[in-house]
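Q: Have a look at the structure that comes next, please.
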Amino acid sequence: MAKDKTLYTCSDCGGSTPRWLGRCPHCGAWNTLLETTAAPAAAKHRMSALRQGLASDGALMRLGDIKAADVQRTPTGLPELDRVLGGGIVAGAVVLIGGDPGIGKSTLLLQALDALQRAGLPTLYVSGEESGAQVALRARRLGLADSQVPVLAEIQLERIVATLERERPAVAVIDSIQTVYTEQLSSAPGSVAQVRECAAHLTRLAKAGGADGHAGTTLVLVGHVTKEGALAGPRVLEHMVDTVLYFEGDTHSSFRLVRAIKNRFGAVNEMGVFAMTERGLKGVNNPSALFLSQHPQPVPGSCVLVTLEGTRPLLVEIQALVDGGGVAPRRLTVGLERDRLAMLLAVLHRHAGVACADQDVFVNAVGGVRIAEPAADLAVLLAIQSSLRARPLPPRFVAFGEVGLAGEVRPAPRGLERLREAAKLGFRVALVPAANLPRKPDAPTRELLDALEVHPVGRIEEALHIVRAW
């Protein structure tokens with residue numbers, strides 16, 4: 001009897017190698033190769049696949065002749081989730097949502113399915129980790145005791161596919177993709193081969209419309225995450241789907257963030273904010289209030305930033321603490337890039353003469369939000385300067401702008417929308433890049449500028465000079 005051929009498959013990228021290596025030769029990850037048994041290949045002529053590909057008779061169309069229309073969206077009943085999805089669900093789209101265990105993924109999707117079912121759309125909830133009784137208990141805790149959402153407790157792909165083809169739901173949730181397996185493969189559920197094959201088969205099924213006018217099933221796949229916070233399974237899983245959402249949140253806080261990392265039907269980096277209550281997740285209408293500390297009086301080291309998350313302007317408080325350091329002063333950031341802080345401190349020393357080489361510098365974004373855009377540079381520098389001088393910035397003050405290595409203050413995208421959000425929340429003084437000041441303001445913009453005292457700056461020396469004058 002012939003011995004089964006052994007391969008080593010990478011758990012990150014899905015690449016395979018005939019022998020074990022400490023580092024994956026395809027993606028460079030360490031200690032990710034797992035031993036698997038190769039499936040026997042079907043005997044066929046080596047040119048048959050090539051002939052089949054060359055024999056394609058698909059009709060060609062000019063790009064300019066293709067009639068394209070906006071995709072139709074269906075609201076989920078949760079406005080914050082609709083915002084992240086780009087306005088609602090799209091027929092035939094495949095959404096992958098990942099997050100830490102217990103963060104609220106199943107709760108959010110069960111609430112969305114119930115709202116869609118009540119709106120008249122056929123739905124299906126496939127549970128691979130819990131029994132039907134456990135799902136019903138969660139529904140009762142959420143106040144959905146009379147929910148009519150069909151539940152299927154199954155992990156075998158063939159049975160799930162048969163149910164989807166029979167029921168033809170408009171929206172289906174697979175919770176989770178790591179528990180689904182197919183009998184066509186001998187590997188265990190959750191392995192790279194199983195996750196990749198099951199996800200590919202479900203994706204093809206979701207996008208296949210029928211002759212009866214069925215537009216396809218919107219499929220939501222729930223995925224596990226690794227200890228580093230990335231989605232578990234092969235990296236190709238994120239390329240198969242249309243939308244990738246990350247469910248984030250601190251276990252010590254009742255607030256949760258849903259962030260879009262990839263979206264073929266909407267803006268990326270869009271963010272939805274939810275509050276975990278006894279009745280499930282509730283959308284937060286004014287998320288800026290979560291990221292602003294309620295100080296009765298202005299305090300040193302605090303500056304409010306107008307950041308942009310997708311299409312939503314958010315006001316986030318940046319706090320800085322500069323204290324006497326020892327032989328090796330520390331640079332610590334929470335919610336911001338630490339390397340960028342070191343660069344900003346060097347720019348502050350070179351172009352403004354403010355030295356922090358012998359000081360510990362701590363910078364924090366209030367509320368647990370993570371800020372990646374460079375428009376936070378100016379607010380960080382002003383917070384550091386305020387803490388170093390032990391003098392607070394003016395009340396109801398905001399700032400934004402990117403700082404270059406030459407000390408220039410560069411414009412931030414969609415600056416006018418940031419100013420409108422600040423004025424709407426009652427802020428009265430703004431320090432912005434000079435390029436973000438409207439050249440020919442219309443009547444609404446002039447009214448906004450009259451209500452908001454805007455100081456345009458071109459270099460950090462100008463910004464610090466204005467702040468020191470207050």
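Letters A, B, ... mark the chains of the structure tokens in the order given; residue numbers begin at 1 per chain; ligand numbers begin at 1, in order shown.
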Based on the backbone DSSP call, show me all residues of range 240-456 of chain A assigned alpha helix (DSSP H), as a ChimeraX atom specification.
A: /A:240,338-352,377-389,415-424,443-451
Q: For the residues selected in the previous step, produce a file with N, CA and C atoms as a tab-separated table (two decimals), in the first residue's frame.
A:
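Once written, result.tsv looks like this:
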chain	number	residue	atom	x	y	z
A	240	MET	N	-11.22	36.59	-0.65
A	240	MET	CA	-12.41	35.98	-1.23
A	240	MET	C	-13.65	36.82	-1.02
A	338	ARG	N	4.09	54.97	18.20
A	338	ARG	CA	5.20	55.43	19.04
A	338	ARG	C	6.34	55.99	18.20
A	339	ASP	N	6.61	55.39	17.02
A	339	ASP	CA	7.69	55.90	16.18
A	339	ASP	C	7.39	57.30	15.68
A	340	ARG	N	6.11	57.58	15.44
A	340	ARG	CA	5.75	58.92	14.98
A	340	ARG	C	5.92	59.94	16.11
A	341	LEU	N	5.71	59.51	17.35
A	341	LEU	CA	5.94	60.41	18.48
A	341	LEU	C	7.41	60.80	18.56
A	342	ALA	N	8.30	59.83	18.37
A	342	ALA	CA	9.73	60.14	18.39
A	342	ALA	C	10.10	61.13	17.29
A	343	MET	N	9.50	60.98	16.12
A	343	MET	CA	9.77	61.91	15.02
A	343	MET	C	9.26	63.30	15.35
A	344	LEU	N	8.07	63.41	15.93
A	344	LEU	CA	7.51	64.72	16.27
A	344	LEU	C	8.35	65.42	17.35
A	345	LEU	N	8.87	64.65	18.29
A	345	LEU	CA	9.72	65.27	19.32
A	345	LEU	C	11.00	65.82	18.71
A	346	ALA	N	11.54	65.12	17.70
A	346	ALA	CA	12.74	65.62	17.03
A	346	ALA	C	12.43	66.89	16.25
A	347	VAL	N	11.28	66.93	15.57
A	347	VAL	CA	10.87	68.14	14.84
A	347	VAL	C	10.65	69.30	15.81
A	348	LEU	N	10.06	69.02	16.96
A	348	LEU	CA	9.80	70.06	17.96
A	348	LEU	C	11.11	70.66	18.48
A	349	HIS	N	12.11	69.81	18.64
A	349	HIS	CA	13.40	70.29	19.14
A	349	HIS	C	14.15	71.07	18.07
A	350	ARG	N	14.12	70.56	16.83
A	350	ARG	CA	14.93	71.17	15.77
A	350	ARG	C	14.36	72.51	15.33
A	351	HIS	N	13.06	72.62	15.19
A	351	HIS	CA	12.47	73.81	14.57
A	351	HIS	C	11.83	74.76	15.58
A	352	ALA	N	11.56	74.29	16.80
A	352	ALA	CA	10.94	75.18	17.79
A	352	ALA	C	11.80	75.36	19.04
A	377	ASP	N	-0.84	65.00	14.12
A	377	ASP	CA	0.48	65.49	14.53
A	377	ASP	C	0.39	66.82	15.28
A	378	LEU	N	-0.34	67.77	14.74
A	378	LEU	CA	-0.38	69.11	15.36
A	378	LEU	C	-1.00	69.06	16.75
A	379	ALA	N	-2.06	68.27	16.92
A	379	ALA	CA	-2.69	68.16	18.24
A	379	ALA	C	-1.74	67.52	19.25
A	380	VAL	N	-0.96	66.53	18.81
A	380	VAL	CA	0.01	65.88	19.71
A	380	VAL	C	1.08	66.88	20.15
A	381	LEU	N	1.60	67.66	19.21
A	381	LEU	CA	2.63	68.65	19.57
A	381	LEU	C	2.08	69.71	20.51
A	382	LEU	N	0.87	70.17	20.28
A	382	LEU	CA	0.30	71.18	21.17
A	382	LEU	C	0.03	70.62	22.56
A	383	ALA	N	-0.38	69.36	22.64
A	383	ALA	CA	-0.58	68.75	23.96
A	383	ALA	C	0.74	68.60	24.71
A	384	ILE	N	1.80	68.22	24.00
A	384	ILE	CA	3.11	68.10	24.63
A	384	ILE	C	3.60	69.47	25.11
A	385	GLN	N	3.45	70.48	24.27
A	385	GLN	CA	3.87	71.83	24.67
A	385	GLN	C	3.07	72.32	25.87
A	386	SER	N	1.78	72.04	25.90
A	386	SER	CA	0.94	72.46	27.02
A	386	SER	C	1.37	71.78	28.32
A	387	SER	N	1.68	70.48	28.24
A	387	SER	CA	2.13	69.78	29.45
A	387	SER	C	3.49	70.27	29.90
A	388	LEU	N	4.38	70.56	28.96
A	388	LEU	CA	5.73	71.00	29.32
A	388	LEU	C	5.69	72.37	29.99
A	389	ARG	N	4.80	73.25	29.54
A	389	ARG	CA	4.68	74.59	30.13
A	389	ARG	C	3.73	74.61	31.33
A	415	GLY	N	-10.98	69.10	5.35
A	415	GLY	CA	-10.84	69.99	6.49
A	415	GLY	C	-12.12	70.74	6.83
A	416	LEU	N	-12.91	71.10	5.81
A	416	LEU	CA	-14.13	71.85	6.08
A	416	LEU	C	-15.14	71.00	6.86
A	417	GLU	N	-15.21	69.72	6.56
A	417	GLU	CA	-16.12	68.84	7.30
A	417	GLU	C	-15.67	68.71	8.76
A	418	ARG	N	-14.37	68.70	8.99
A	418	ARG	CA	-13.87	68.64	10.36
A	418	ARG	C	-14.27	69.90	11.13
A	419	LEU	N	-14.15	71.06	10.47
A	419	LEU	CA	-14.52	72.30	11.14
A	419	LEU	C	-16.02	72.35	11.44
A	420	ARG	N	-16.83	71.83	10.51
A	420	ARG	CA	-18.28	71.82	10.75
A	420	ARG	C	-18.62	70.95	11.95
A	421	GLU	N	-17.96	69.79	12.08
A	421	GLU	CA	-18.23	68.91	13.22
A	421	GLU	C	-17.83	69.58	14.52
A	422	ALA	N	-16.69	70.29	14.53
A	422	ALA	CA	-16.25	70.97	15.75
A	422	ALA	C	-17.23	72.08	16.12
A	423	ALA	N	-17.68	72.87	15.13
A	423	ALA	CA	-18.63	73.94	15.43
A	423	ALA	C	-19.96	73.40	15.90
A	424	LYS	N	-20.38	72.26	15.35
A	424	LYS	CA	-21.66	71.67	15.74
A	424	LYS	C	-21.65	71.24	17.20
A	443	ALA	N	-21.86	81.10	1.46
A	443	ALA	CA	-22.59	81.66	2.60
A	443	ALA	C	-22.58	80.74	3.82
A	444	PRO	N	-22.87	79.41	3.68
A	444	PRO	CA	-22.81	78.54	4.88
A	444	PRO	C	-21.41	78.46	5.48
A	445	THR	N	-20.37	78.48	4.62
A	445	THR	CA	-19.00	78.41	5.14
A	445	THR	C	-18.64	79.69	5.88
A	446	ARG	N	-19.08	80.83	5.35
A	446	ARG	CA	-18.82	82.10	6.05
A	446	ARG	C	-19.52	82.14	7.40
A	447	GLU	N	-20.71	81.60	7.45
A	447	GLU	CA	-21.42	81.54	8.73
A	447	GLU	C	-20.69	80.63	9.72
A	448	LEU	N	-20.12	79.53	9.19
A	448	LEU	CA	-19.35	78.64	10.05
A	448	LEU	C	-18.10	79.33	10.57
A	449	LEU	N	-17.38	80.04	9.69
A	449	LEU	CA	-16.16	80.71	10.11
A	449	LEU	C	-16.45	81.85	11.07
A	450	ASP	N	-17.62	82.46	10.98
A	450	ASP	CA	-17.98	83.50	11.94
A	450	ASP	C	-18.22	82.92	13.34
A	451	ALA	N	-18.77	81.70	13.39
A	451	ALA	CA	-19.04	81.07	14.69
A	451	ALA	C	-17.80	80.43	15.27
Q: Residues at most 12 Å from Ala133 in chain A, counting only C-alpha atoms, excluding those fewer than 5 positions away in the same chain, as a list in words?
A: Ser127, Arg138, Ala139, Arg140, Ala145, Val151, Leu152 and Ala153 of chain A
Q: In Å to one decimal, how far is CA of Glu278 in chain A from CA of Gly87 in chain A?
A: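 Between CA of Gly87 in chain A and CA of Glu278 in chain A the gap works out to 26.7 Å.
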Q: Any idea what's packed within 7 Å of range 425-439 of chain A, counting only C-alpha atoms, ignoring anything in its chain fewer than 2 positions away? Could you give it as JSON, numbers by chain?
A: {"A": [396, 397, 398, 399, 400, 401, 409, 410, 411, 415, 421, 422, 423, 441, 451, 452, 453, 454, 455, 456, 457, 458]}
Q: Neighbours of His239 in chain A within 12 Å (only C-alpha atoms; same-chain residues fewer than 4 positions away dropped), as a PyMOL selection string?
A: chain A and resi 13+94-96+196+199-200+203+234-235+243-244+261-264
Q: Return the single residue from A:Pro75, A:Gly190, A:Gly335, A:Pro392 that is closest to Val366 in chain A, with distances computed using only C-alpha atoms.
A: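 Among the listed residues, the smallest separation from Val366 in chain A belongs to A:Gly335.
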Q: Name the residues in contact with Asp12 in chain A at a cut-off of 12 Å, using only C-alpha atoms, excluding same-chain residues fewer than 6 positions from it; report them as a list in words.
A: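 Returned residues: Arg23, Cys24, Pro25, His26, Cys27, Gly28, Ala29, Trp30, Asn31, Thr32, Leu33, Leu34, Ser191, Val192, Ala193, Val195, Arg196, Val225, Thr226, Ala230, Leu231, Ala232, Gly233, Pro234, Arg235, Val236, Leu237 and Glu238 of chain A.
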Q: Quick one: distance from CA of Leu332 in chain A to CA of Phe274 in chain A in Å, one decimal?
A: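 Interatomic distance here is 28.1 Å.
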Q: Counting only C-alpha atoms, what is within 8 Å of range 175-188 of chain A, bar same-chain residues fewer than 5 positions away, as a PyMOL selection string?
A: chain A and resi 36-37+39+106+125-129+155-158+193-195+198-199+221-224+233
Q: For each of A:Gly92, A:Pro122, A:Gly301, A:Pro79, take the minimum atom-to-atom distance to Leu202 in chain A, counting only C-alpha atoms, then give the residue where this is smallest.
A: A:Gly92
Q: Just the residues within 8 Å of Ala172 in chain A, please, counting only C-alpha atoms, with nothing from its chain fewer than 6 positions along; format it as a VMD selection string.
A: chain A and resid 123 to 126 217 to 220
